[in-house]
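Asker: Take a look at model-v6.csv, CSV, C-alpha atoms:
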```
chain,number,residue,atom,x,y,z
A,1,MET,CA,98.4,-35.6,134.7
A,2,LYS,CA,97.9,-39.4,134.3
A,3,GLN,CA,95.7,-39.6,137.4
A,4,ASN,CA,93.4,-36.8,136.1
A,5,THR,CA,93.0,-38.6,132.8
A,6,LEU,CA,92.0,-41.8,134.6
A,7,ARG,CA,89.5,-40.0,136.8
A,8,ARG,CA,87.8,-38.3,133.7
A,9,ALA,CA,87.5,-41.6,131.9
A,10,ALA,CA,85.9,-43.3,135.0
A,11,ALA,CA,83.5,-40.4,135.3
A,12,LEU,CA,82.5,-40.5,131.7
A,13,ALA,CA,82.0,-44.3,131.9
A,14,LEU,CA,79.8,-43.9,135.0
A,15,ALA,CA,77.7,-41.2,133.3
A,16,ALA,CA,77.3,-43.3,130.1
A,17,GLY,CA,76.1,-46.2,132.2
A,18,LEU,CA,73.6,-44.1,134.1
A,19,THR,CA,72.3,-42.6,130.9
A,20,LEU,CA,71.8,-46.1,129.3
A,21,ALA,CA,70.1,-47.4,132.5
A,22,CYS,CA,67.7,-44.5,132.6
A,23,GLY,CA,67.0,-44.6,128.9
A,24,LEU,CA,66.1,-48.3,128.7
A,25,PRO,CA,62.6,-49.4,129.7
A,26,ALA,CA,62.4,-51.7,132.7
A,27,ALA,CA,61.4,-55.3,131.8
A,28,ALA,CA,58.0,-56.2,133.1
A,29,ALA,CA,57.6,-59.2,135.3
A,30,ALA,CA,56.2,-62.4,133.7
A,31,PRO,CA,52.5,-62.9,134.2
A,32,ASN,CA,51.6,-64.6,137.4
A,33,PRO,CA,47.9,-65.7,137.3
A,34,ASP,CA,46.0,-67.3,140.1
A,35,PRO,CA,44.2,-70.5,139.1
A,36,GLY,CA,41.5,-69.8,141.8
A,37,LYS,CA,40.4,-66.4,140.3
A,38,ALA,CA,38.6,-65.5,137.1
A,39,VAL,CA,39.7,-61.8,137.4
A,40,ILE,CA,43.1,-60.5,138.2
A,41,ASP,CA,43.1,-56.7,138.2
A,42,THR,CA,46.7,-55.7,138.8
A,43,ALA,CA,46.1,-52.3,136.9
A,44,ASP,CA,43.2,-51.5,139.3
A,45,ILE,CA,40.8,-50.5,136.5
A,46,LEU,CA,37.8,-52.7,137.2
A,47,SER,CA,35.0,-52.2,139.8
A,48,LYS,CA,34.0,-54.9,142.3
A,49,ASN,CA,30.7,-55.2,140.5
A,50,THR,CA,32.4,-56.1,137.2
A,51,GLU,CA,34.7,-58.5,138.9
A,52,ASN,CA,31.8,-60.3,140.5
A,53,TYR,CA,29.9,-60.4,137.2
A,54,ILE,CA,32.8,-61.9,135.3
A,55,THR,CA,33.4,-64.5,138.0
A,56,ASP,CA,29.8,-65.5,138.2
A,57,LEU,CA,29.5,-65.9,134.5
A,58,SER,CA,32.7,-67.9,134.3
A,59,VAL,CA,31.5,-70.3,137.1
A,60,ALA,CA,28.1,-70.7,135.3
A,61,LEU,CA,29.9,-71.7,132.1
A,62,GLN,CA,32.3,-74.1,133.8
A,63,GLU,CA,29.5,-75.8,135.6
A,64,SER,CA,27.6,-76.2,132.3
A,65,CYS,CA,30.2,-77.0,129.7
A,66,GLY,CA,33.6,-76.6,131.2
A,67,ALA,CA,34.3,-73.3,129.4
A,68,GLN,CA,35.9,-70.4,131.3
A,69,ILE,CA,36.5,-66.7,130.7
A,70,GLY,CA,39.4,-64.9,132.5
A,71,VAL,CA,40.2,-61.2,132.5
A,72,TYR,CA,43.8,-60.0,133.4
A,73,THR,CA,44.7,-56.3,133.6
A,74,VAL,CA,48.3,-55.0,133.7
A,75,ASP,CA,49.6,-51.5,133.3
A,76,THR,CA,52.6,-52.2,131.0
A,77,ILE,CA,54.0,-55.4,129.5
A,78,GLY,CA,57.7,-54.2,129.2
A,79,ASN,CA,59.6,-55.9,126.4
A,80,TYR,CA,56.8,-58.4,125.7
A,81,THR,CA,54.7,-58.2,122.6
A,82,MET,CA,51.0,-58.2,123.3
A,83,GLU,CA,50.4,-61.5,121.7
A,84,GLY,CA,53.4,-63.1,123.4
A,85,TYR,CA,52.3,-61.8,126.8
A,86,THR,CA,48.8,-63.1,126.3
A,87,TYR,CA,50.0,-66.5,125.1
A,88,GLU,CA,52.3,-67.0,128.1
A,89,LEU,CA,49.6,-65.8,130.5
A,90,ALA,CA,46.9,-68.1,129.0
A,91,ASN,CA,48.9,-71.3,129.2
A,92,ALA,CA,50.1,-70.4,132.7
A,93,TRP,CA,46.5,-69.7,133.8
A,94,GLY,CA,45.1,-72.9,132.2
A,95,LEU,CA,41.6,-71.6,131.5
A,96,GLY,CA,39.0,-74.1,130.2
A,97,ASP,CA,38.5,-77.8,130.5
A,98,ALA,CA,41.6,-79.9,130.2
A,99,ASP,CA,39.9,-82.2,127.6
A,100,LYS,CA,38.0,-79.5,125.7
A,101,ASP,CA,40.5,-76.6,125.8
A,102,ASN,CA,37.6,-74.2,125.7
A,103,GLY,CA,39.0,-71.2,127.7
A,104,ILE,CA,39.1,-67.5,126.8
A,105,VAL,CA,41.5,-65.0,128.1
A,106,LEU,CA,41.2,-61.1,127.8
A,107,VAL,CA,44.2,-59.0,128.6
A,108,LEU,CA,43.8,-55.2,129.2
A,109,ALA,CA,47.0,-53.0,129.2
A,110,PRO,CA,45.9,-49.4,129.6
A,111,GLY,CA,49.6,-48.2,129.9
A,112,GLU,CA,50.3,-49.7,126.5
A,113,ASP,CA,46.9,-48.5,125.2
A,114,ASP,CA,46.3,-52.0,123.9
A,115,TYR,CA,44.3,-55.2,124.6
A,116,ARG,CA,44.3,-58.8,123.4
A,117,ALA,CA,41.9,-61.7,123.5
A,118,MET,CA,42.7,-65.4,122.8
A,119,CYS,CA,40.6,-68.6,122.7
A,120,GLY,CA,41.7,-72.1,123.6
A,121,THR,CA,42.6,-74.7,121.0
A,122,GLY,CA,39.2,-76.4,121.4
A,123,LEU,CA,37.3,-73.3,120.3
A,124,GLU,CA,39.3,-72.2,117.3
A,125,THR,CA,36.9,-73.7,114.7
A,126,GLN,CA,33.7,-72.5,116.5
A,127,PHE,CA,34.8,-69.3,118.1
A,128,THR,CA,36.9,-68.0,115.2
A,129,VAL,CA,39.3,-65.0,115.2
A,130,PRO,CA,36.9,-62.9,113.0
A,131,MET,CA,34.1,-63.5,115.6
A,132,LEU,CA,36.5,-62.6,118.4
A,133,GLN,CA,37.6,-59.4,116.6
A,134,THR,CA,34.0,-58.3,116.0
A,135,ILE,CA,33.2,-58.7,119.7
A,136,LEU,CA,36.2,-56.6,120.6
A,137,ASP,CA,35.4,-53.9,118.0
A,138,GLU,CA,31.8,-53.6,119.0
A,139,ASN,CA,32.0,-54.0,122.8
A,140,LEU,CA,35.4,-52.9,124.0
A,141,LEU,CA,36.8,-50.4,121.5
A,142,PRO,CA,34.2,-47.6,122.1
A,143,SER,CA,34.5,-47.7,125.9
A,144,TRP,CA,38.3,-48.1,125.6
A,145,GLU,CA,38.7,-44.9,123.6
A,146,GLU,CA,36.7,-43.0,126.2
A,147,GLY,CA,38.8,-44.5,129.1
A,148,ASP,CA,35.9,-46.5,130.5
A,149,TYR,CA,37.7,-49.8,130.8
A,150,ASP,CA,35.3,-51.1,133.4
A,151,THR,CA,32.2,-50.9,131.1
A,152,GLY,CA,34.1,-52.2,128.1
A,153,ALA,CA,35.4,-55.3,130.0
A,154,LYS,CA,31.9,-56.2,131.3
A,155,GLN,CA,30.2,-55.8,127.9
A,156,THR,CA,33.0,-57.8,126.2
A,157,VAL,CA,32.8,-60.7,128.6
A,158,ARG,CA,29.0,-60.7,128.3
A,159,ALA,CA,29.2,-61.0,124.5
A,160,MET,CA,31.8,-63.8,124.8
A,161,GLY,CA,29.4,-65.6,127.1
A,162,ARG,CA,26.5,-65.2,124.7
A,163,GLN,CA,28.7,-66.8,121.9
A,164,LEU,CA,29.6,-69.7,124.2
A,165,CYS,CA,25.9,-70.3,125.0
A,166,THR,CA,25.2,-70.4,121.3
A,167,ILE,CA,28.0,-72.9,120.7
A,168,TYR,CA,27.0,-75.3,123.5
A,169,GLY,CA,23.3,-74.7,123.5
A,170,LEU,CA,23.2,-73.3,127.1
A,171,SER,CA,20.4,-71.2,128.7
A,172,ILE,CA,22.4,-68.9,131.1
A,173,ASP,CA,20.9,-65.7,132.3
A,174,LEU,CA,23.6,-63.3,131.0
A,175,ASP,CA,22.1,-60.4,133.0
A,176,ASP,CA,22.3,-62.3,136.3
A,177,PRO,CA,24.6,-65.3,135.9
A,178,ALA,CA,24.8,-65.8,139.7
A,179,ALA,CA,21.1,-66.8,139.7
A,180,THR,CA,22.0,-69.6,137.2
A,181,VAL,CA,24.8,-70.9,139.5
A,182,THR,CA,22.5,-70.8,142.5
A,183,ALA,CA,19.7,-72.7,140.7
A,184,ALA,CA,22.2,-75.3,139.5
A,185,ALA,CA,23.5,-75.8,143.0
A,186,ALA,CA,20.0,-76.1,144.5
A,187,SER,CA,18.9,-78.7,142.0
A,188,GLY,CA,21.9,-80.9,142.8
A,189,PRO,CA,24.1,-82.8,140.3
A,190,VAL,CA,22.5,-83.3,136.9
A,191,ARG,CA,22.2,-86.9,135.7
A,192,ARG,CA,23.6,-87.0,132.2
A,193,GLY,CA,22.3,-89.4,129.6
A,194,GLY,CA,18.6,-89.4,130.6
A,195,GLY,CA,16.4,-92.4,131.5
A,196,PHE,CA,15.1,-95.2,129.4
A,197,PRO,CA,12.5,-94.0,126.8
A,198,PHE,CA,8.9,-94.9,127.6
A,199,GLY,CA,8.2,-95.7,123.9
A,200,ALA,CA,10.9,-98.4,123.9
A,201,ILE,CA,9.4,-100.0,127.0
A,202,VAL,CA,6.0,-100.2,125.4
A,203,LEU,CA,7.4,-101.7,122.2
A,204,LEU,CA,9.4,-104.3,124.2
A,205,LEU,CA,6.2,-105.3,126.1
A,206,LEU,CA,4.3,-105.7,122.8
A,207,VAL,CA,7.0,-107.9,121.3
A,208,LEU,CA,7.1,-110.0,124.5
A,209,VAL,CA,3.3,-110.5,124.4
A,210,VAL,CA,3.4,-111.6,120.7
A,211,VAL,CA,6.2,-114.1,121.4
A,212,LEU,CA,4.5,-115.6,124.4
A,213,ALA,CA,1.2,-115.9,122.4
A,214,ILE,CA,3.0,-117.8,119.6
A,215,ILE,CA,4.8,-120.1,122.1
A,216,PHE,CA,1.8,-121.0,124.2
A,217,ALA,CA,-0.9,-121.1,121.4
A,218,PRO,CA,-2.9,-124.3,121.2
A,219,ARG,CA,-1.6,-126.7,118.5
A,220,GLY,CA,-3.8,-128.9,116.3
A,221,PRO,CA,-2.9,-132.2,114.6
A,222,THR,CA,0.5,-132.0,113.1
A,223,ARG,CA,1.3,-132.8,109.5
A,224,PRO,CA,4.6,-134.3,108.3
A,225,TYR,CA,5.3,-131.4,105.9
A,226,GLY,CA,4.0,-127.9,105.3
A,227,PRO,CA,2.0,-125.5,107.5
A,228,ARG,CA,-1.1,-126.4,109.4
A,229,PHE,CA,-3.2,-123.9,107.4
A,230,ILE,CA,-3.0,-123.3,103.7
A,231,PHE,CA,-4.3,-119.9,102.7
A,232,PHE,CA,-3.9,-120.3,98.9
A,233,GLY,CA,-4.5,-123.4,96.8
A,234,ALA,CA,-4.9,-127.1,97.8
A,235,PRO,CA,-3.1,-128.7,100.7
A,236,ARG,CA,0.3,-130.1,100.0
A,237,ALA,CA,0.8,-133.8,99.4
A,238,PRO,CA,3.1,-135.6,101.8
A,239,ARG,CA,6.6,-136.1,100.4
A,240,PRO,CA,7.8,-139.6,99.8
A,241,PRO,CA,10.2,-140.9,102.4
A,242,ARG,CA,13.9,-140.8,101.5
A,243,PRO,CA,15.9,-143.9,101.2
A,244,PRO,CA,18.1,-144.6,104.2
A,245,ARG,CA,21.6,-143.3,103.9
A,246,PRO,CA,24.6,-145.7,104.3
A,247,PRO,CA,26.8,-145.4,107.4
A,248,ARG,CA,29.4,-142.7,107.2
A,249,HIS,CA,32.3,-145.1,107.1
A,250,GLN,CA,30.8,-146.7,103.9
A,251,ARG,CA,30.3,-143.4,102.0
A,252,ARG,CA,33.9,-143.0,100.8
A,253,PRO,CA,36.8,-145.4,100.7
A,254,PRO,CA,39.3,-145.0,103.5
A,255,ARG,CA,42.5,-143.1,102.7
A,256,PRO,CA,45.8,-145.0,102.4
A,257,PRO,CA,48.2,-144.4,105.3
A,258,ARG,CA,50.8,-141.8,104.8
A,259,PRO,CA,54.4,-142.9,104.5
A,260,PRO,CA,56.5,-142.0,107.5
A,261,LYS,CA,58.7,-138.9,107.2
A,262,PRO,CA,62.5,-139.4,107.1
A,263,PRO,CA,64.2,-138.1,110.3
A,264,ARG,CA,65.8,-134.7,110.1
A,265,PRO,CA,69.6,-134.4,110.2
A,266,PRO,CA,70.9,-132.7,113.4
A,267,ARG,CA,71.7,-129.0,113.1
A,268,SER,CA,75.3,-128.0,112.9
A,269,GLY,CA,76.8,-125.3,115.1
A,270,GLY,CA,77.6,-123.1,112.2
A,271,PHE,CA,80.6,-120.8,111.6
A,272,GLY,CA,81.8,-119.0,114.7
A,273,GLY,CA,78.9,-120.3,116.9
A,274,PHE,CA,76.1,-118.6,114.9
A,275,GLY,CA,73.0,-120.6,114.1
A,276,GLY,CA,73.6,-123.1,116.9
A,277,SER,CA,70.9,-125.2,118.5
A,278,GLY,CA,71.5,-123.9,122.0
A,279,PRO,CA,68.9,-121.8,123.9
A,280,ARG,CA,68.5,-118.2,123.0
A,281,PRO,CA,70.1,-115.6,125.4
A,282,PRO,CA,67.5,-113.8,127.6
A,283,ARG,CA,66.5,-110.3,126.4
A,284,SER,CA,68.0,-107.4,128.2
A,285,GLY,CA,65.6,-105.5,130.4
A,286,GLY,CA,66.2,-102.1,129.0
A,287,PHE,CA,63.7,-99.1,129.1
A,288,ARG,CA,61.1,-99.0,126.3
A,289,SER,CA,59.3,-95.8,125.7
A,290,GLY,CA,55.5,-95.9,125.6
A,291,GLY,CA,54.9,-93.0,123.3
A,292,GLY,CA,52.9,-91.0,125.8
A,293,GLY,CA,52.4,-87.3,125.3
A,294,PHE,CA,52.2,-84.4,127.7
A,295,ARG,CA,49.8,-81.4,127.6
A,296,SER,CA,50.9,-77.9,128.4
A,297,GLY,CA,48.9,-75.5,130.5
A,298,GLY,CA,49.0,-77.2,133.9
A,299,ALA,CA,46.8,-79.9,135.4
A,300,GLY,CA,44.1,-78.3,137.5
A,301,ARG,CA,41.3,-80.3,139.2
A,302,ARG,CA,37.8,-80.2,137.9
A,303,PRO,CA,35.9,-77.1,139.3
A,304,GLY,CA,32.8,-77.6,141.3
A,305,GLY,CA,30.7,-76.4,144.2
A,306,GLY,CA,30.0,-73.0,142.7
A,307,SER,CA,33.7,-71.8,143.0
A,308,PHE,CA,36.1,-70.9,140.2
A,309,ARG,CA,39.0,-73.1,139.5
A,310,SER,CA,41.0,-73.3,136.2
A,311,GLY,CA,40.6,-76.6,134.5
A,312,GLY,CA,44.0,-76.9,132.8
A,313,GLY,CA,43.1,-75.9,129.2
A,314,SER,CA,45.8,-75.0,126.7
A,315,PHE,CA,46.2,-72.3,124.1
A,316,ARG,CA,48.0,-72.2,120.7
A,317,GLY,CA,48.4,-68.5,120.2
A,318,GLY,CA,47.0,-65.9,117.8
A,319,GLY,CA,43.8,-64.3,118.9
A,320,ALA,CA,42.5,-60.7,118.2
A,321,GLY,CA,43.4,-57.3,119.6
A,322,ARG,CA,43.2,-53.6,119.0
A,323,ARG,CA,43.7,-52.6,115.4
```
Spit out the file's structure as structure tokens when you get a sec.

Answerer:
Amino acid sequence: MKQNTLRRAAALALAAGLTLACGLPAAAAAPNPDPGKAVIDTADILSKNTENYITDLSVALQESCGAQIGVYTVDTIGNYTMEGYTYELANAWGLGDADKDNGIVLVLAPGEDDYRAMCGTGLETQFTVPMLQTILDENLLPSWEEGDYDTGAKQTVRAMGRQLCTIYGLSIDLDDPAATVTAAAASGPVRRGGGFPFGAIVLLLLVLVVVLAIIFAPRGPTRPYGPRFIFFGAPRAPRPPRPPRPPRHQRRPPRPPRPPKPPRPPRSGGFGGFGGSGPRPPRSGGFRSGGGGFRSGGAGRRPGGGSFRSGGGSFRGGGAGRR
């Protein structure tokens, strides 16, 4: 009788455990982005053409101003919130320049029927959340509701690129960003800062000619006072000579010598050895902090050569998503 009771209790516990295990959703793995890719399509919802377009546009932006746009697709996010998942992904990916923090990340989760976009900390005042929300509502939401994730992602990235071109004053061909990358690579590295202005060179030459003319101009008979030519009024009369000044040691009486100072009494050792006149003990060589800070988001090398490479930008959070 007692054995049967124990068997029933064990069976009930096993059944309850299986029920709970089946009822709870599986926790999704943490985002694992690749710093060498601008598109990571784990949900397999984007076409090869769209992936190439997003990569070419992101490379054109990073070569021009350091900004980068990344798209990450995932079926479900498990126990994450959409904002928390996007924030963790963005800082692990490190999109944007490490000094400008001008990256943008777009996360598409069709299994959750949700999406989220987030800008780096360097774009928060220029690429505001209302601007980002308007781009999502006008370019991604209509295609999302029809299940056309590929078209929505491409149009959204194109609108983001247009806004970045406006912020940085860039002229990138948004219809064919690959042509911009090819032209930039063919022209070689761009020399920043420009050359010396031609007008400044001419002005310096004129000033030099005037100075040389004044220095080497023929001189007439000199006068003791006044200019050589008087344009208004009669010429000046010469000033009377000044009386000779006495020598410097006769101008003021000499100062009386100062009385000698009395000698100082020797210092006493003080109570308990404090205040003694002995040498100071050497300072201990302990560690002293320098106050240096650290940036989150990883330290990637500067991209170049027409290939994508995340620059190490950081994100603060927030962003815009589906309403």

Asker: Using Å and a single decimal, report how far CA of Thr125 in chain A sits from CA of Ala60 in chain A.

Answerer: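 For CA of Ala60 in chain A relative to CA of Thr125 in chain A, the distance reads 22.6 Å.
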
Asker: Do you know which residues are at most 9 Å from range 45-58 of chain A counting all atoms listed in the file, after dropping those on the same chain fewer than 6 positions away, and could you put them as a PyMOL selection string?

Answerer: chain A and resi 37-39+67-71+73+110+148-151+153-154+157-158+161+172-181+306-308

Asker: Which distance in Å separates CA of Ala90 in chain A and CA of Asp44 in chain A, to one decimal?

Answerer: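 These atoms are spaced 19.9 Å apart.
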
Asker: Just the number, please: distance in Å from CA of Gln62 in chain A to CA of Arg322 in chain A, one decimal.

Answerer: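 About the pair CA of Gln62 in chain A and CA of Arg322 in chain A: they are 27.5 Å apart.
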
Asker: My list of candidates is A:Ala320, A:Ala92, A:Val207, A:Val74. Which is closest to Thr134 in chain A when distances are computed with all atoms listed in the file?

Answerer: A:Ala320

Asker: I'd like the contact shell of Glu138 in chain A - 10 Å cut-off, only C-alpha atoms, skipping same-chain residues fewer than 2 positions apart - returned as a PDB file with C-alpha atoms, keeping the file's coordinate frame.

Answerer:
```
ATOM      1  CA  GLN A 133      37.600 -59.400 116.600  1.00  0.00           C
ATOM      2  CA  THR A 134      34.000 -58.300 116.000  1.00  0.00           C
ATOM      3  CA  ILE A 135      33.200 -58.700 119.700  1.00  0.00           C
ATOM      4  CA  LEU A 136      36.200 -56.600 120.600  1.00  0.00           C
ATOM      5  CA  LEU A 140      35.400 -52.900 124.000  1.00  0.00           C
ATOM      6  CA  LEU A 141      36.800 -50.400 121.500  1.00  0.00           C
ATOM      7  CA  PRO A 142      34.200 -47.600 122.100  1.00  0.00           C
ATOM      8  CA  SER A 143      34.500 -47.700 125.900  1.00  0.00           C
ATOM      9  CA  GLY A 152      34.100 -52.200 128.100  1.00  0.00           C
ATOM     10  CA  GLN A 155      30.200 -55.800 127.900  1.00  0.00           C
ATOM     11  CA  THR A 156      33.000 -57.800 126.200  1.00  0.00           C
ATOM     12  CA  ALA A 159      29.200 -61.000 124.500  1.00  0.00           C
TER      13      ALA A 159
END
```
